[in-house]
>>> print(open('model11.tsv').read())   # TSV, C-alpha atoms
chain	number	residue	atom	x	y	z
A	1	MET	CA	-4.59	1.59	7.21
A	2	SER	CA	-4.42	-1.90	8.59
A	3	ASP	CA	-1.10	-3.67	9.02
A	4	GLY	CA	-1.87	-5.80	5.97
A	5	LEU	CA	-0.14	-3.51	3.44
A	6	PRO	CA	3.24	-3.11	5.17
A	7	GLU	CA	3.25	-6.81	6.02
A	8	LEU	CA	2.81	-7.99	2.43
A	9	PHE	CA	5.53	-10.34	1.19
A	10	ASN	CA	6.85	-10.52	-2.34
A	11	ASN	CA	8.20	-13.66	-4.02
A	12	GLN	CA	11.61	-13.11	-2.40
A	13	LYS	CA	9.99	-13.15	1.08
A	14	GLU	CA	10.67	-9.40	1.53
A	15	LEU	CA	8.18	-7.23	3.42
A	16	PHE	CA	6.56	-4.25	1.72
A	17	GLY	CA	7.42	-2.35	4.91
A	18	TYR	CA	6.32	0.86	6.58
A	19	GLU	CA	8.96	3.00	4.87
A	20	ARG	CA	7.67	1.98	1.43
A	21	VAL	CA	4.09	2.69	2.60
A	22	GLN	CA	5.13	6.16	3.75
A	23	ASN	CA	6.80	6.83	0.40
A	24	GLU	CA	3.66	5.74	-1.45
A	25	PHE	CA	1.50	8.04	0.70
A	26	HIS	CA	3.81	10.98	-0.02
A	27	LYS	CA	3.62	10.33	-3.76
A	28	ALA	CA	-0.18	10.09	-3.69
A	29	ALA	CA	-1.00	12.85	-1.18
A	30	LYS	CA	-2.37	15.31	-3.74
A	31	LEU	CA	-4.67	12.76	-5.38
A	32	SER	CA	-8.33	12.24	-4.55
A	33	PRO	CA	-9.17	9.67	-1.84
A	34	GLU	CA	-10.29	7.15	-4.47
A	35	GLU	CA	-7.09	7.66	-6.47
A	36	ILE	CA	-4.97	7.24	-3.33
A	37	ILE	CA	-6.64	3.92	-2.55
A	38	ASN	CA	-6.27	2.75	-6.16
A	39	ARG	CA	-2.59	3.69	-6.14
A	40	LEU	CA	-1.96	1.80	-2.89
A	41	LYS	CA	-3.86	-1.24	-4.18
A	42	SER	CA	-1.85	-1.14	-7.39
A	43	SER	CA	1.44	-0.90	-5.48
A	44	ALA	CA	0.41	-3.85	-3.33
A	45	SER	CA	-0.55	-5.92	-6.36
A	46	ASP	CA	2.72	-5.08	-8.10
A	47	TRP	CA	4.67	-6.04	-4.95
A	48	THR	CA	2.94	-9.43	-4.63
A	49	GLU	CA	2.82	-9.97	-8.40
A	50	GLY	CA	-0.96	-10.27	-8.21
A	51	LYS	CA	-1.09	-12.88	-5.46
A	52	ASP	CA	-3.76	-12.54	-2.79
A	53	PRO	CA	-2.55	-11.16	0.56
A	54	ASN	CA	-2.35	-13.44	3.61
A	55	ASP	CA	-3.96	-10.74	5.77
A	56	ASP	CA	-6.63	-8.11	5.25
A	57	VAL	CA	-5.53	-4.86	3.65
A	58	THR	CA	-7.78	-1.98	4.68
A	59	PHE	CA	-7.58	1.70	3.74
A	60	VAL	CA	-9.56	4.70	4.92
A	61	VAL	CA	-8.70	8.03	3.34
A	62	ILE	CA	-10.00	11.30	4.78
A	63	LYS	CA	-8.84	14.55	3.24
A	64	ILE	CA	-9.32	17.82	5.08
A	65	LYS	CA	-9.10	21.10	3.24
>>> encode(input="model11.tsv", output="structure tokens")
Amino acid sequence: MSDGLPELFNNQKELFGYERVQNEFHKAAKLSPEEIINRLKSSASDWTEGKDPNDDVTFVVIKIK
């Protein structure tokens, strides 16, 4: 993950933050890689109320069984 997700700001100028990212990963861990990415993108969009991020937001999901 790039730093773009945890450094997203909402309308109140609050950061999404690494703790929130970690919580989102824990909630999505059992999902498929595509579903994990979609969940993170949705969380980011909800946080920013649909506004475009100021920085890139990049995800790579690799699941090992």
>>> atom_distance(input="model11.tsv", atom1="atom CA of Thr48 of chain A", atom2="atom CA of Gln12 of chain A")
9.7 Å
>>> closest_residue(input="model11.tsv", among="A:Leu5, A:Leu15, A:Ile62, A:Val21", to="Ser45 of chain A", atoms="all atoms listed in the file")
A:Leu5
>>> atom_distance(input="model11.tsv", atom1="atom CA of Met1 of chain A", atom2="atom CA of Glu49 of chain A")
20.8 Å
>>> atom_distance(input="model11.tsv", atom1="atom CA of Phe25 of chain A", atom2="atom CA of Ser42 of chain A")
12.7 Å
>>> residues_around(input="model11.tsv", residues="Glu7 of chain A", least_positions_apart="4", cutoff="7 Å", atoms="all atoms listed in the file", output="ChimeraX atom specification")
/A:3,15-17
>>> residues_around(input="model11.tsv", residues="Arg39 of chain A", least_positions_apart="5", cutoff="10 Å", atoms="all atoms listed in the file", output="MDAnalysis selection string")
chainID A and resid 24:25 27:28 31 33:34 44:45
>>> residues_around(input="model11.tsv", residues="Pro53 of chain A", least_positions_apart="3", cutoff="8 Å", atoms="only C-alpha atoms", output="PyMOL selection string")
chain A and resi 4+8+48+56-57
>>> closest_residue(input="model11.tsv", among="A:Lys63, A:Phe9, A:Leu40, A:Lys51", to="Gln22 of chain A", atoms="only C-alpha atoms")
A:Leu40
>>> closest_residue(input="model11.tsv", among="A:Tyr18, A:Ser2, A:Ile64, A:Asn10", to="Gly50 of chain A", atoms="only C-alpha atoms")
A:Asn10
>>> closest_residue(input="model11.tsv", among="A:Lys65, A:Trp47, A:Asn38, A:Ala29", to="Lys13 of chain A", atoms="all atoms listed in the file")
A:Trp47
>>> closest_residue(input="model11.tsv", among="A:Pro6, A:Glu19, A:Glu14, A:Ile36", to="Val61 of chain A", atoms="only C-alpha atoms")
A:Ile36
>>> axis_aligned_box(input="model11.tsv", around="segment 43-46 of chain A", padding_each_side="6 Å", output="AutoDock Vina command-line options")
--center_x 1.1 --center_y -3.4 --center_z -5.7 --size_x 15.3 --size_y 17.0 --size_z 16.8
